[in-house]
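Structure first, commentary second.
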Amino acid sequence: MALMSESASGIQIRINLREDPIVLNGTPEESVGSVLCGVLVVTTTKRIKARSMCLLFQGTSRIRNAKEKCQSIVFFKYKWDFLEEVNPLHMLEADTVYEYPFELLLAGNLPVSVNVPNGEIKYQLKVVMERPSFLRNVIVTKPVQVERVSSILSEHIAYVACSGRWANSLRYDARVAKSHYQPGELLAFEMFVEINKAIFHLSEITLSIAQVVCYSNHSNYETKRLSHKSRKVPDYGSNEKLNYSMMIQIPTNAHPDCQTDTIELTHALMVKVKLIDKMRRKWWFYIDLPVIVNTPTQWELSASPPAYSTIPDTGSLTHPPPYEEKPV
């Protein structure tokens with residue numbers, strides 16, 4: 001249970017959520033959505049007068065364009081009025097706890113939460129208790145994280161691989177052990193190389209975890225290197241075969257992959273291979289392997305989806321007696 005509270009003179013307001021983050025199961029086209037559910041708790045230590053109190057749930061997208069101007073759009077809004085404005089004022093008694101449950105069905109095609117340097121999609125709950133004149137209004141805000149689990153993890157555990165040739169002198173097979181990772185997890189990279197000519201030898205292999213962000217109002221994309229690691233390679237000559245492996249960590253602050261109409265974020269393992277020829281000239285070739293970063297919540301739900309109990313056969317159950325109408 002997550003909560004956010006704000007204290008004023010004689011009053012405290014908390015927002016308690018039943019589930020945080022909110023998880024949408026399936027793609028935007030197939031998801032049935034989820035439920036935002038919780039309780040607004042108002043605790044008083046003295047008598048409090050209030051004009052009104054409402055709870056607002058709002059989704060906002062913000063993108064900075066090429067001219068460094070921010071475009072902000074409210075794409076979702078819902079309001080609960082718990083204390084409507086009336087005359088006389090509402091009176092909350094001292095040393096009392098008031099609870100206001102709330103519930104809202106969220107559509108399955110809502111965009112997920114994302115926060116990158118030039119854009120964000122965020123959700124927020126906001127409570128506003130309007131007080132009488134000359135008394136400060138009480139305002140409480142709580143961010144709400146929305147995540148998506150698109151499919152069962154078992155469908156994505158296969159390794160990611162690619163093969164190729166470079167300058168008709170080198171053949172390679174590169175792979176990572178799996179496609180989905182959590183922040184902080186180690187990624188294992190393997191590469192088989194066969195050098196066909198004696199004029200080249202491998203000198204160095206560099207691994208980088210890259211984050212790629214595309215915006216709906218940009219014609220280009222942003223690439224950011226989150227981490228990198230380099231290793232020297234022994235000198236190999238003609239017809240030599242090399243099996244090489246390295247480990248690199250997914251940064252703990254890596255944002256999970258997401259695809260929305262306004263912001264798309266993906267990750268890749270970028271491999272840079274350095275070669276040196278007999279003239280001591282340096283050459284490079286590059287390999288990109290896509291990887292997917294999931295949050296711990298997404299990983300847990302993908303690996304162990306919720307289990308549903310089957311409905312028992314009602315034919316074997318004892319039914320209650322029928323109702324009888326009796327005269328008053």
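The way I read the labels, and the way they are meant: chains A, B, ... in the order of the structure tokens, residue 1 as the first residue of every chain, and ligand 1 as the first ligand shown, with later ones counted on from there.
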Skipping near chain neighbours, those fewer than 4 positions away, what residues fall within 12 Å of A:Met246 using only C-alpha atoms, listed as a PDB file with all heavy atoms, in the first residue's frame?
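Result saved to out01.pdb:
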ATOM      1  N   ALA A 174      27.389 -13.432 -33.166  1.00  0.00           N
ATOM      2  CA  ALA A 174      27.290 -12.769 -31.862  1.00  0.00           C
ATOM      3  C   ALA A 174      25.922 -13.055 -31.262  1.00  0.00           C
ATOM      4  O   ALA A 174      24.917 -13.153 -31.982  1.00  0.00           O
ATOM      5  CB  ALA A 174      27.509 -11.266 -32.007  1.00  0.00           C
ATOM      6  N   ARG A 175      25.870 -13.146 -29.923  1.00  0.00           N
ATOM      7  CA  ARG A 175      24.598 -13.438 -29.267  1.00  0.00           C
ATOM      8  C   ARG A 175      24.627 -12.974 -27.818  1.00  0.00           C
ATOM      9  O   ARG A 175      25.699 -12.825 -27.207  1.00  0.00           O
ATOM     10  CB  ARG A 175      24.281 -14.930 -29.311  1.00  0.00           C
ATOM     11  CG  ARG A 175      25.330 -15.815 -28.669  1.00  0.00           C
ATOM     12  CD  ARG A 175      24.950 -17.278 -28.729  1.00  0.00           C
ATOM     13  NE  ARG A 175      23.940 -17.616 -27.732  1.00  0.00           N
ATOM     14  CZ  ARG A 175      23.355 -18.813 -27.647  1.00  0.00           C
ATOM     15  NH1 ARG A 175      23.646 -19.753 -28.535  1.00  0.00           N
ATOM     16  NH2 ARG A 175      22.485 -19.060 -26.709  1.00  0.00           N
ATOM     17  N   VAL A 176      23.432 -12.718 -27.284  1.00  0.00           N
ATOM     18  CA  VAL A 176      23.238 -12.524 -25.847  1.00  0.00           C
ATOM     19  C   VAL A 176      22.301 -13.629 -25.366  1.00  0.00           C
ATOM     20  O   VAL A 176      21.473 -14.139 -26.129  1.00  0.00           O
ATOM     21  CB  VAL A 176      22.669 -11.128 -25.513  1.00  0.00           C
ATOM     22  CG1 VAL A 176      23.678 -10.045 -25.844  1.00  0.00           C
ATOM     23  CG2 VAL A 176      21.362 -10.866 -26.257  1.00  0.00           C
ATOM     24  N   ALA A 177      22.420 -13.982 -24.088  1.00  0.00           N
ATOM     25  CA  ALA A 177      21.760 -15.172 -23.577  1.00  0.00           C
ATOM     26  C   ALA A 177      20.235 -15.074 -23.611  1.00  0.00           C
ATOM     27  O   ALA A 177      19.542 -16.075 -23.750  1.00  0.00           O
ATOM     28  CB  ALA A 177      22.235 -15.460 -22.159  1.00  0.00           C
ATOM     29  N   LEU A 186      23.103  -8.502 -14.918  1.00  0.00           N
ATOM     30  CA  LEU A 186      24.244  -8.703 -15.799  1.00  0.00           C
ATOM     31  C   LEU A 186      23.792  -9.303 -17.126  1.00  0.00           C
ATOM     32  O   LEU A 186      22.979 -10.220 -17.158  1.00  0.00           O
ATOM     33  CB  LEU A 186      25.278  -9.615 -15.140  1.00  0.00           C
ATOM     34  CG  LEU A 186      26.094  -9.018 -13.985  1.00  0.00           C
ATOM     35  CD1 LEU A 186      26.978 -10.082 -13.366  1.00  0.00           C
ATOM     36  CD2 LEU A 186      26.939  -7.845 -14.477  1.00  0.00           C
ATOM     37  N   LEU A 187      24.343  -8.782 -18.204  1.00  0.00           N
ATOM     38  CA  LEU A 187      24.071  -9.273 -19.551  1.00  0.00           C
ATOM     39  C   LEU A 187      25.305 -10.013 -20.045  1.00  0.00           C
ATOM     40  O   LEU A 187      26.420  -9.479 -19.997  1.00  0.00           O
ATOM     41  CB  LEU A 187      23.722  -8.101 -20.471  1.00  0.00           C
ATOM     42  CG  LEU A 187      23.403  -8.375 -21.937  1.00  0.00           C
ATOM     43  CD1 LEU A 187      22.455  -7.311 -22.474  1.00  0.00           C
ATOM     44  CD2 LEU A 187      24.666  -8.412 -22.790  1.00  0.00           C
ATOM     45  N   ALA A 188      25.113 -11.248 -20.502  1.00  0.00           N
ATOM     46  CA  ALA A 188      26.229 -12.068 -20.986  1.00  0.00           C
ATOM     47  C   ALA A 188      26.286 -12.002 -22.509  1.00  0.00           C
ATOM     48  O   ALA A 188      25.309 -12.328 -23.192  1.00  0.00           O
ATOM     49  CB  ALA A 188      26.052 -13.509 -20.523  1.00  0.00           C
ATOM     50  N   PHE A 189      27.440 -11.593 -23.027  1.00  0.00           N
ATOM     51  CA  PHE A 189      27.655 -11.485 -24.469  1.00  0.00           C
ATOM     52  C   PHE A 189      28.678 -12.530 -24.908  1.00  0.00           C
ATOM     53  O   PHE A 189      29.704 -12.728 -24.248  1.00  0.00           O
ATOM     54  CB  PHE A 189      28.149 -10.079 -24.825  1.00  0.00           C
ATOM     55  CG  PHE A 189      28.653  -9.945 -26.231  1.00  0.00           C
ATOM     56  CD1 PHE A 189      27.768  -9.876 -27.297  1.00  0.00           C
ATOM     57  CD2 PHE A 189      30.023  -9.885 -26.491  1.00  0.00           C
ATOM     58  CE1 PHE A 189      28.223  -9.747 -28.592  1.00  0.00           C
ATOM     59  CE2 PHE A 189      30.481  -9.758 -27.783  1.00  0.00           C
ATOM     60  CZ  PHE A 189      29.589  -9.692 -28.839  1.00  0.00           C
ATOM     61  N   GLU A 190      28.381 -13.192 -26.038  1.00  0.00           N
ATOM     62  CA  GLU A 190      29.294 -14.174 -26.607  1.00  0.00           C
ATOM     63  C   GLU A 190      29.491 -13.880 -28.084  1.00  0.00           C
ATOM     64  O   GLU A 190      28.554 -13.451 -28.777  1.00  0.00           O
ATOM     65  CB  GLU A 190      28.730 -15.591 -26.454  1.00  0.00           C
ATOM     66  CG  GLU A 190      28.568 -16.056 -25.025  1.00  0.00           C
ATOM     67  CD  GLU A 190      27.941 -17.436 -24.969  1.00  0.00           C
ATOM     68  OE1 GLU A 190      26.752 -17.551 -25.333  1.00  0.00           O
ATOM     69  OE2 GLU A 190      28.653 -18.378 -24.604  1.00  0.00           O
ATOM     70  N   MET A 191      30.705 -14.135 -28.567  1.00  0.00           N
ATOM     71  CA  MET A 191      30.980 -13.915 -29.981  1.00  0.00           C
ATOM     72  C   MET A 191      31.987 -14.946 -30.487  1.00  0.00           C
ATOM     73  O   MET A 191      33.013 -15.201 -29.856  1.00  0.00           O
ATOM     74  CB  MET A 191      31.517 -12.502 -30.235  1.00  0.00           C
ATOM     75  CG  MET A 191      31.675 -12.177 -31.717  1.00  0.00           C
ATOM     76  SD  MET A 191      32.043 -10.426 -32.047  1.00  0.00           S
ATOM     77  CE  MET A 191      33.708 -10.314 -31.402  1.00  0.00           C
ATOM     78  N   GLU A 204      40.505  -5.147 -29.811  1.00  0.00           N
ATOM     79  CA  GLU A 204      39.711  -4.738 -28.656  1.00  0.00           C
ATOM     80  C   GLU A 204      38.226  -4.901 -28.968  1.00  0.00           C
ATOM     81  O   GLU A 204      37.785  -4.696 -30.106  1.00  0.00           O
ATOM     82  CB  GLU A 204      40.016  -3.282 -28.301  1.00  0.00           C
ATOM     83  CG  GLU A 204      39.378  -2.788 -27.028  1.00  0.00           C
ATOM     84  CD  GLU A 204      39.796  -1.355 -26.717  1.00  0.00           C
ATOM     85  OE1 GLU A 204      39.680  -0.494 -27.635  1.00  0.00           O
ATOM     86  OE2 GLU A 204      40.230  -1.090 -25.590  1.00  0.00           O
ATOM     87  N   ILE A 205      37.448  -5.258 -27.956  1.00  0.00           N
ATOM     88  CA  ILE A 205      35.989  -5.340 -28.058  1.00  0.00           C
ATOM     89  C   ILE A 205      35.389  -4.443 -26.982  1.00  0.00           C
ATOM     90  O   ILE A 205      35.757  -4.516 -25.806  1.00  0.00           O
ATOM     91  CB  ILE A 205      35.480  -6.784 -27.891  1.00  0.00           C
ATOM     92  CG1 ILE A 205      36.028  -7.673 -29.011  1.00  0.00           C
ATOM     93  CG2 ILE A 205      33.948  -6.828 -27.884  1.00  0.00           C
ATOM     94  CD1 ILE A 205      35.643  -9.134 -28.872  1.00  0.00           C
ATOM     95  N   THR A 206      34.466  -3.582 -27.384  1.00  0.00           N
ATOM     96  CA  THR A 206      33.809  -2.662 -26.455  1.00  0.00           C
ATOM     97  C   THR A 206      32.304  -2.901 -26.487  1.00  0.00           C
ATOM     98  O   THR A 206      31.699  -2.938 -27.571  1.00  0.00           O
ATOM     99  CB  THR A 206      34.097  -1.195 -26.829  1.00  0.00           C
ATOM    100  OG1 THR A 206      35.511  -0.977 -26.796  1.00  0.00           O
ATOM    101  CG2 THR A 206      33.419  -0.243 -25.849  1.00  0.00           C
ATOM    102  N   LEU A 207      31.713  -3.062 -25.314  1.00  0.00           N
ATOM    103  CA  LEU A 207      30.270  -3.223 -25.177  1.00  0.00           C
ATOM    104  C   LEU A 207      29.676  -1.948 -24.594  1.00  0.00           C
ATOM    105  O   LEU A 207      30.245  -1.345 -23.686  1.00  0.00           O
ATOM    106  CB  LEU A 207      29.928  -4.403 -24.272  1.00  0.00           C
ATOM    107  CG  LEU A 207      30.480  -5.771 -24.636  1.00  0.00           C
ATOM    108  CD1 LEU A 207      29.968  -6.816 -23.641  1.00  0.00           C
ATOM    109  CD2 LEU A 207      30.104  -6.154 -26.058  1.00  0.00           C
ATOM    110  N   SER A 208      28.516  -1.555 -25.106  1.00  0.00           N
ATOM    111  CA  SER A 208      27.802  -0.387 -24.581  1.00  0.00           C
ATOM    112  C   SER A 208      26.312  -0.709 -24.507  1.00  0.00           C
ATOM    113  O   SER A 208      25.768  -1.331 -25.422  1.00  0.00           O
ATOM    114  CB  SER A 208      28.005   0.851 -25.459  1.00  0.00           C
ATOM    115  OG  SER A 208      29.372   1.189 -25.553  1.00  0.00           O
ATOM    116  N   HIS A 228      29.425   1.353 -20.529  1.00  0.00           N
ATOM    117  CA  HIS A 228      30.266   0.692 -21.517  1.00  0.00           C
ATOM    118  C   HIS A 228      31.405  -0.043 -20.816  1.00  0.00           C
ATOM    119  O   HIS A 228      31.744   0.256 -19.665  1.00  0.00           O
ATOM    120  CB  HIS A 228      30.823   1.691 -22.536  1.00  0.00           C
ATOM    121  CG  HIS A 228      31.901   2.582 -21.983  1.00  0.00           C
ATOM    122  ND1 HIS A 228      31.639   3.677 -21.195  1.00  0.00           N
ATOM    123  CD2 HIS A 228      33.262   2.523 -22.117  1.00  0.00           C
ATOM    124  CE1 HIS A 228      32.774   4.259 -20.858  1.00  0.00           C
ATOM    125  NE2 HIS A 228      33.767   3.587 -21.403  1.00  0.00           N
ATOM    126  N   LYS A 229      31.977  -0.995 -21.551  1.00  0.00           N
ATOM    127  CA  LYS A 229      33.053  -1.817 -20.999  1.00  0.00           C
ATOM    128  C   LYS A 229      33.923  -2.302 -22.149  1.00  0.00           C
ATOM    129  O   LYS A 229      33.408  -2.744 -23.182  1.00  0.00           O
ATOM    130  CB  LYS A 229      32.464  -3.005 -20.238  1.00  0.00           C
ATOM    131  CG  LYS A 229      33.461  -3.850 -19.494  1.00  0.00           C
ATOM    132  CD  LYS A 229      32.739  -4.929 -18.691  1.00  0.00           C
ATOM    133  CE  LYS A 229      33.703  -5.733 -17.839  1.00  0.00           C
ATOM    134  NZ  LYS A 229      32.971  -6.761 -17.054  1.00  0.00           N
ATOM    135  N   SER A 230      35.267  -2.227 -21.993  1.00  0.00           N
ATOM    136  CA  SER A 230      36.201  -2.615 -23.050  1.00  0.00           C
ATOM    137  C   SER A 230      37.147  -3.693 -22.556  1.00  0.00           C
ATOM    138  O   SER A 230      37.519  -3.721 -21.366  1.00  0.00           O
ATOM    139  CB  SER A 230      37.009  -1.405 -23.544  1.00  0.00           C
ATOM    140  OG  SER A 230      36.163  -0.430 -24.113  1.00  0.00           O
ATOM    141  N   ARG A 231      37.545  -4.576 -23.497  1.00  0.00           N
ATOM    142  CA  ARG A 231      38.515  -5.624 -23.190  1.00  0.00           C
ATOM    143  C   ARG A 231      39.488  -5.782 -24.360  1.00  0.00           C
ATOM    144  O   ARG A 231      39.079  -5.768 -25.510  1.00  0.00           O
ATOM    145  CB  ARG A 231      37.814  -6.965 -22.949  1.00  0.00           C
ATOM    146  CG  ARG A 231      37.050  -7.043 -21.631  1.00  0.00           C
ATOM    147  CD  ARG A 231      37.989  -7.311 -20.469  1.00  0.00           C
ATOM    148  NE  ARG A 231      37.271  -7.379 -19.216  1.00  0.00           N
ATOM    149  CZ  ARG A 231      36.690  -8.472 -18.735  1.00  0.00           C
ATOM    150  NH1 ARG A 231      36.711  -9.596 -19.451  1.00  0.00           N
ATOM    151  NH2 ARG A 231      36.085  -8.454 -17.573  1.00  0.00           N
ATOM    152  N   LYS A 232      40.757  -5.927 -24.038  1.00  0.00           N
ATOM    153  CA  LYS A 232      41.763  -6.216 -25.052  1.00  0.00           C
ATOM    154  C   LYS A 232      41.649  -7.676 -25.476  1.00  0.00           C
ATOM    155  O   LYS A 232      41.274  -8.544 -24.686  1.00  0.00           O
ATOM    156  CB  LYS A 232      43.161  -5.938 -24.520  1.00  0.00           C
ATOM    157  CG  LYS A 232      43.411  -4.483 -24.134  1.00  0.00           C
ATOM    158  CD  LYS A 232      43.404  -3.579 -25.354  1.00  0.00           C
ATOM    159  CE  LYS A 232      43.747  -2.143 -24.970  1.00  0.00           C
ATOM    160  NZ  LYS A 232      43.733  -1.251 -26.164  1.00  0.00           N
ATOM    161  N   VAL A 233      41.999  -7.947 -26.753  1.00  0.00           N
ATOM    162  CA  VAL A 233      41.909  -9.299 -27.307  1.00  0.00           C
ATOM    163  C   VAL A 233      43.304  -9.739 -27.734  1.00  0.00           C
ATOM    164  O   VAL A 233      44.031  -8.951 -28.355  1.00  0.00           O
ATOM    165  CB  VAL A 233      40.946  -9.328 -28.518  1.00  0.00           C
ATOM    166  CG1 VAL A 233      40.865 -10.735 -29.101  1.00  0.00           C
ATOM    167  CG2 VAL A 233      39.568  -8.846 -28.095  1.00  0.00           C
ATOM    168  N   LEU A 269      22.255  -3.452 -27.124  1.00  0.00           N
ATOM    169  CA  LEU A 269      23.663  -3.707 -26.820  1.00  0.00           C
ATOM    170  C   LEU A 269      24.450  -3.370 -28.078  1.00  0.00           C
ATOM    171  O   LEU A 269      24.257  -3.986 -29.133  1.00  0.00           O
ATOM    172  CB  LEU A 269      23.887  -5.161 -26.426  1.00  0.00           C
ATOM    173  CG  LEU A 269      25.356  -5.565 -26.257  1.00  0.00           C
ATOM    174  CD1 LEU A 269      25.972  -4.866 -25.047  1.00  0.00           C
ATOM    175  CD2 LEU A 269      25.497  -7.076 -26.133  1.00  0.00           C
ATOM    176  N   VAL A 271      28.011  -3.252 -29.917  1.00  0.00           N
ATOM    177  CA  VAL A 271      29.324  -3.903 -29.865  1.00  0.00           C
ATOM    178  C   VAL A 271      30.236  -3.222 -30.884  1.00  0.00           C
ATOM    179  O   VAL A 271      29.895  -3.106 -32.063  1.00  0.00           O
ATOM    180  CB  VAL A 271      29.211  -5.402 -30.173  1.00  0.00           C
ATOM    181  CG1 VAL A 271      30.570  -6.082 -30.008  1.00  0.00           C
ATOM    182  CG2 VAL A 271      28.156  -6.058 -29.275  1.00  0.00           C
TER     183      VAL A 271
END
> Contacts of stretch 99-102 of chain A at 10 Å or less, counting only C-alpha atoms, minus same-chain residues fewer than 3 places along, as a list in words?
Replying inline: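 After dropping sequence-adjacent residues, the list is Ile13, Arg14, Ile15, Asn16, Leu17, Leu36, Cys37, Gly38, Val39, Leu40, Val41, Val42, Thr43, Leu55, Trp80, Phe82, Leu83 and Thr96 of chain A.
The interatomic distance for the pair atom CA of A:Phe57 and atom CA of A:Gln124 works out to 5.7 Å.
In this model, the gap between atom CA of A:Ala210 and atom CA of A:Thr223 comes to 6.6 Å.
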> Could you pull out all residues of stretch 92-292 of chain A with a DSSP call of strand (DSSP E or B) and give them as a ChimeraX atom specification?
Replying inline: /A:92,96-106,114-116,119-130,138-144,146-149,160-166,170-176,180-181,186-195,200-215,221-232,241-249,258-259,263-277,282-292
>> Quick check, in Å to one decimal: how far apart do atom CA of A:Asp173 and atom CA of A:Ile195 lie?
In response: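 Computing it gives 12.1 Å between the two atoms.
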>> Between A:Tyr159, A:Tyr286, A:Tyr215, A:Trp166, which residue has the minimum interatomic distance to A:Ser179, considering only C-alpha atoms?
In response: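 Nearest candidate to A:Ser179 out of A:Tyr159, A:Tyr286, A:Tyr215, A:Trp166: A:Tyr159.
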> With only C-alpha atoms as the basis for distance, which of A:Gly59, A:Gln298, A:Gly184, A:Thr45 is at the shortest distance from A:Asn25?
Replying inline: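 Under the stated criterion, the closest residue is A:Gln298.
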> Between A:Ile139, A:Val160, A:Ile73, A:Val291, which is the closest to A:Tyr181 once you count only C-alpha atoms?
Replying inline: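 Once distances to A:Tyr181 are computed over only C-alpha atoms, the minimum belongs to A:Val291.
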>> Need to verify the contact set: A:Glu185, 9 Å, only C-alpha atoms, exclusion of same-chain residues closer than 4 positions in sequence. Can you return it as number ranges by chain?
In response: A: 181, 248-252
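When only C-alpha atoms are used to measure the gap to A:Gln58, the shortest distance among A:Lys282, A:Lys126, A:Lys274, A:His267 belongs to A:Lys126.
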